[in-house]
There are 2 protein chains.
Amino acid sequence: MGLIPADRQRQILDLIHSGKVVQVQELSERFNVSVLTIRRDLDHLAAEGLVERTHGGATLRRTMSVEPAYTEKALEFPGEKRLIGTATATLIAPGDTIFINSGSTTLEVIRALWKHEITIVTNNIDAAWIANEDAAFKLILVGGAYRTRSHSVSGSLSECLIGNIYANKAIIGVDGFSLQAGLTTPVVEEADTTRFMIERTVGKVIVVAAGNKIGVVSNFRTVGVEEIDTLVTDSTGGNMLSSEELAALGIELIVAE
Amino acid sequence: MGLIPADRQRQILDLIHSGKVVQVQELSERFNVSVLTIRRDLDHLAAEGLVERTHGGATLRRTMSVEPAYTEKALEFPGEKRLIGTATATLIAPGDTIFINSGSTTLEVIRALWKHEITIVTNNIDAAWIANEDAAFKLILVGGAYRTRSHSVSGSLSECLIGNIYANKAIIGVDGFSLQAGLTTPVVEEADTTRFMIERTVGKVIVVAAGNKIGVVSNFRTVGVEEIDTLVTDSTGGNMLSSEELAALGIELIVAE
DNA sequence: CACAAAATGAACTAAATTGAATTATTTTAC
DNA sequence: GTAAAATAATTCAATTTAGTTCATTTTGTG
C-alpha cells in the first residue's frame, strides 16, 4: 500500500531538514517497510549528495564542497532565517540603495523588506517573485550567466551592471563565516560577484549567516572579515562568537531572536 | 464522458503542484483510464520538463518547487503559442546564441528550446523557471530594472550587458505587428531593449506573433518590418497576411499548425 | 464519406523495488 | 582488550512497475 519510493524519500528528506537525525529503525516503523528498504532509500539520497549517511541513520550533510541545490538549502532552518531577515530589515532606512547577493537567507531579508521604500540591486533571481505590485521597493536585477543550483546570476557579465551602481549598504549571505578565513562560498563566480558588490558599497557591509555557517570554511574566499561592519546571526551563531572579539575587529554583532 | 488528454494532463499537473507526489495507480482510478494512459501522460509532462518521473508516479521538479502563479494563469491562446514555440524551435541550430525578448509567446519558444544546446540571452525573467538542471541551453539573463507586470527587465542598465554580446539570431515577441507601422509595444523601455537586441544581431531576426497581434499597432515602435527576416504566426495570422506580400518585403512567413 | 493521426488498452517482456536469509562489519558493553 | 549486539552488505526470489508492440477506437480534416 501507500507510498512510492520517491514519496517516501521526499518525506525522509523533510524529516532530516527539520533538524532531526533520522534512524533506520525508526523510519522503518514509521513507513511500514523493512529496514532494508530504508537503508536503500538513504543510500539513494546520499548518492545524490542530499544527506550524509551514518551508522544507523542519516544526517544533514556537513561538508560543502559542491553547491547544494537551492531548494534543499531553502528548507534548512527556515525559522532562524526569517528571524535574521526581520532583524536585518531594521537596519535599512528609506531611500537606501542596497546590494544583496544570492542565497536563501538573503532572500528572507528581501521578503522582510517588501514594504520598505528602497532600491534593491541583487543577483538573486528569486527576488523577482517577491517583487509584486504591492511591494514598495524598486528592484534592479543584475544580469549574467544563470546558475540553476542557486537561482542566481554571476560572472563577468554581471560586473558591467554592478559597475554602474554605488550602493550605500550591502547585505551579504555566505556559506562560510570564519574569523580567520573570512567569508567563503563554494562557487568562484559567486565569490567574484559578491566581492564586486562589496567594493562598490560606500556604507555598511552587513553579513547575514545562520548559526550553521559560523566557523565554516568553504572553497572560495570572498573578502576577509575586516571588510565587514555588521554580522546578523541567530542564537546558535551568537553562542559561538563573542561580542568583544568581534568588536575588536570593528564588527557589530546582532543576534536575532 | 472522457477528458481530452490535454485536460487530464493539466489536472495531473495541478495535483502534483498541490500534493507534490502522484501515483500512477491512484491517477488511473481517479480518471478511469488504464495505468498505461497515465504513464504516457506523465511521460508527456516529463518530456516538457514540467514534472519528474519516478518509479510508480511522478513528483514536482525539485529545482522549481515554487512555481509562480503567473504560469498557472490562464494564458490567451495557449495552444497557438505552443505551436508557434515548437515551429520556431525548428529554426534554431545547435551552438546558436540567441536574443529573446519578453512576453508569453517568447516564453513558449524558450520552453520548446529546452533540449537545444544553445545560449539564450533574454530579459524575460520567467525563463529562469524553465532552465533547470536538465535543460540543455545556457541561460544569460539581462540585468536592469524589473517590471512586475511583464516579469522582465529593461532600461538603460540592460544595455551594458547586451552591448557585450553579439547574437546570431533574435526571437522577438511583439504586441503589434503591422506592415505599415512595424513592430510596436505598449512600454517604451521594452521597445528600447528589443531594438537594442535587434541591433546586436548579426543573423536572422525572427518575429513570433499570434494572430491577434497581426495588424495591431501599439504605442511605441521597436523597428520597422524591413528589419525582419522571418515571421512565425498561427493559422489566424496566416490568413491575414499573404506570403507574396511579405516575400516582397524580404520576410519569410511560417504558419505553425 | 474516407483517410490519416492520435489516443487508448491488451499482452508480453524487461527492469526496478521489496523483503528474507545469510554473512561481514561496526559499535557497544564489560 | 574481547564478546555481544546492532547495523550493514550480499545474494536471491517474489512482486510491482515500466517499456514494447500491436489492434481497436476516437478525433480531426478534406
# chains A, B, ... in the order shown; residues from 1 in each chain; ligands from 1
$ interface_residues --of "chain C" --to "chain A" --cutoff "12 Å" --atoms "only C-alpha atoms (C1' of nucleotides)" --output "ChimeraX atom specification"
/C:16-20,25-27
$ select_by_dssp --residues "stretch 174-219 of chain A" --states "helix (DSSP H, G or I)" --output "MDAnalysis selection string"
chainID A and resid 188:199 211:213
$ interface_residues --of "chain D" --to "chain B" --cutoff "12 Å" --atoms "only C-alpha atoms (C1' of nucleotides)" --output "number ranges by chain"
D: 16-20, 26-27
$ write_last_selection --atoms "C-alpha atoms (C1' of nucleotides)" --output "PDB file, in the first residue's frame"
ATOM      1  C1'  DT D  16       5.242  -4.373  -8.751  1.00  0.00           C
ATOM      2  C1'  DT D  17       6.023  -1.102 -12.234  1.00  0.00           C
ATOM      3  C1'  DA D  18       7.851   0.192 -16.804  1.00  0.00           C
ATOM      4  C1'  DG D  19       8.690  -0.415 -21.732  1.00  0.00           C
ATOM      5  C1'  DT D  20       7.156  -2.510 -26.344  1.00  0.00           C
ATOM      6  C1'  DT D  26     -11.743   8.134 -31.393  1.00  0.00           C
ATOM      7  C1'  DT D  27     -10.706  12.586 -33.457  1.00  0.00           C
TER       8       DT D  27
END
$ interface_residues --of "chain A" --to "chain B" --cutoff "6 Å" --atoms "only C-alpha atoms" --output "PDB file with C-alpha atoms, in the first residue's frame"
ATOM      1  CA  ILE A   4       6.083   5.053  -3.898  1.00  0.00           C
ATOM      2  CA  ASN A 132       4.942  42.124  -6.983  1.00  0.00           C
ATOM      3  CA  LEU A 139      14.142  46.003  -7.878  1.00  0.00           C
ATOM      4  CA  ILE A 140      17.160  46.008 -10.141  1.00  0.00           C
ATOM      5  CA  LEU A 141      18.311  42.582 -11.230  1.00  0.00           C
ATOM      6  CA  VAL A 142      21.934  42.092 -12.078  1.00  0.00           C
ATOM      7  CA  GLY A 143      22.443  40.277 -15.367  1.00  0.00           C
ATOM      8  CA  GLY A 144      24.780  37.446 -16.194  1.00  0.00           C
ATOM      9  CA  ALA A 145      25.001  33.696 -16.545  1.00  0.00           C
ATOM     10  CA  TYR A 146      22.199  31.964 -14.684  1.00  0.00           C
ATOM     11  CA  THR A 148      20.216  26.744 -11.674  1.00  0.00           C
TER      12      THR A 148
END
$ residues_around --residues "B:Ile118" --least-positions-apart "5" --cutoff "12 Å" --atoms "only C-alpha atoms (C1' of nucleotides)" --output "PDB file with C-alpha atoms, in the first residue's frame"
ATOM      1  CA  ALA B  89      12.408  25.957 -32.295  1.00  0.00           C
ATOM      2  CA  ILE B  92      17.411  27.152 -34.253  1.00  0.00           C
ATOM      3  CA  ALA B  93      20.651  25.237 -34.736  1.00  0.00           C
ATOM      4  CA  PRO B  94      22.963  23.789 -32.072  1.00  0.00           C
ATOM      5  CA  GLY B  95      25.541  26.282 -30.914  1.00  0.00           C
ATOM      6  CA  ASP B  96      23.426  29.325 -31.714  1.00  0.00           C
ATOM      7  CA  THR B  97      23.454  32.328 -29.417  1.00  0.00           C
ATOM      8  CA  ILE B  98      20.019  33.882 -29.429  1.00  0.00           C
ATOM      9  CA  PHE B  99      18.471  37.074 -28.130  1.00  0.00           C
ATOM     10  CA  ILE B 110      12.121  29.062 -24.692  1.00  0.00           C
ATOM     11  CA  LEU B 113      14.084  25.018 -26.813  1.00  0.00           C
ATOM     12  CA  ALA B 135      17.772  21.917 -19.618  1.00  0.00           C
ATOM     13  CA  ALA B 136      20.404  21.803 -22.326  1.00  0.00           C
ATOM     14  CA  PHE B 137      20.650  25.509 -23.013  1.00  0.00           C
ATOM     15  CA  LYS B 138      22.823  28.015 -21.239  1.00  0.00           C
ATOM     16  CA  LEU B 139      20.864  30.968 -19.961  1.00  0.00           C
ATOM     17  CA  ILE B 140      22.149  34.517 -19.701  1.00  0.00           C
ATOM     18  CA  ALA B 167      23.880  37.035 -31.192  1.00  0.00           C
ATOM     19  CA  ASN B 168      23.406  35.166 -34.422  1.00  0.00           C
ATOM     20  CA  LYS B 169      19.633  35.086 -34.162  1.00  0.00           C
TER      21      LYS B 169
END
$ select_by_dssp --residues "stretch 45-251 of chain B" --states "strand (DSSP E)" --output "MDAnalysis selection string"
chainID B and resid 51:54 57:60 97:100 119:122 138:141 144:147 152:154 167:173 176:178 182:185 201:208 220:221 230:233
$ residues_around --residues "A:Thr88" --least-positions-apart "5" --cutoff "9 Å" --atoms "only C-alpha atoms (C1' of nucleotides)" --output "PyMOL selection string"
chain A and resi 83+109+112-113+171+206+208+232+254+256
$ write_last_selection --atoms "C-alpha atoms" --output "mmCIF file, in the first residue's frame"
data_model
loop_
_atom_site.group_PDB
_atom_site.id
_atom_site.type_symbol
_atom_site.label_atom_id
_atom_site.label_comp_id
_atom_site.auth_asym_id
_atom_site.auth_seq_id
_atom_site.Cartn_x
_atom_site.Cartn_y
_atom_site.Cartn_z
ATOM 1 C CA LEU A 83 14.271 35.982 12.270
ATOM 2 C CA VAL A 109 15.859 39.639 4.077
ATOM 3 C CA ALA A 112 11.234 41.306 5.164
ATOM 4 C CA LEU A 113 11.968 44.465 3.177
ATOM 5 C CA ILE A 171 23.655 42.658 2.636
ATOM 6 C CA ILE A 206 26.110 43.597 6.662
ATOM 7 C CA VAL A 208 23.754 37.551 7.425
ATOM 8 C CA VAL A 232 23.465 39.305 11.894
ATOM 9 C CA ILE A 254 23.360 41.374 16.155
ATOM 10 C CA ALA A 256 18.143 37.768 16.006
#
$ residues_around --residues "A:Ile214" --least-positions-apart "2" --cutoff "7 Å" --atoms "only C-alpha atoms (C1' of nucleotides)" --output "PyMOL selection string"
chain A and resi 176-178+211-212+216+237
$ atom_distance --atom1 "atom CA of A:His17" --atom2 "atom CA of A:Leu60"
6.8 Å
$ atom_distance --atom1 "atom CA of B:Leu246" --atom2 "atom CA of B:Tyr166"
26.7 Å
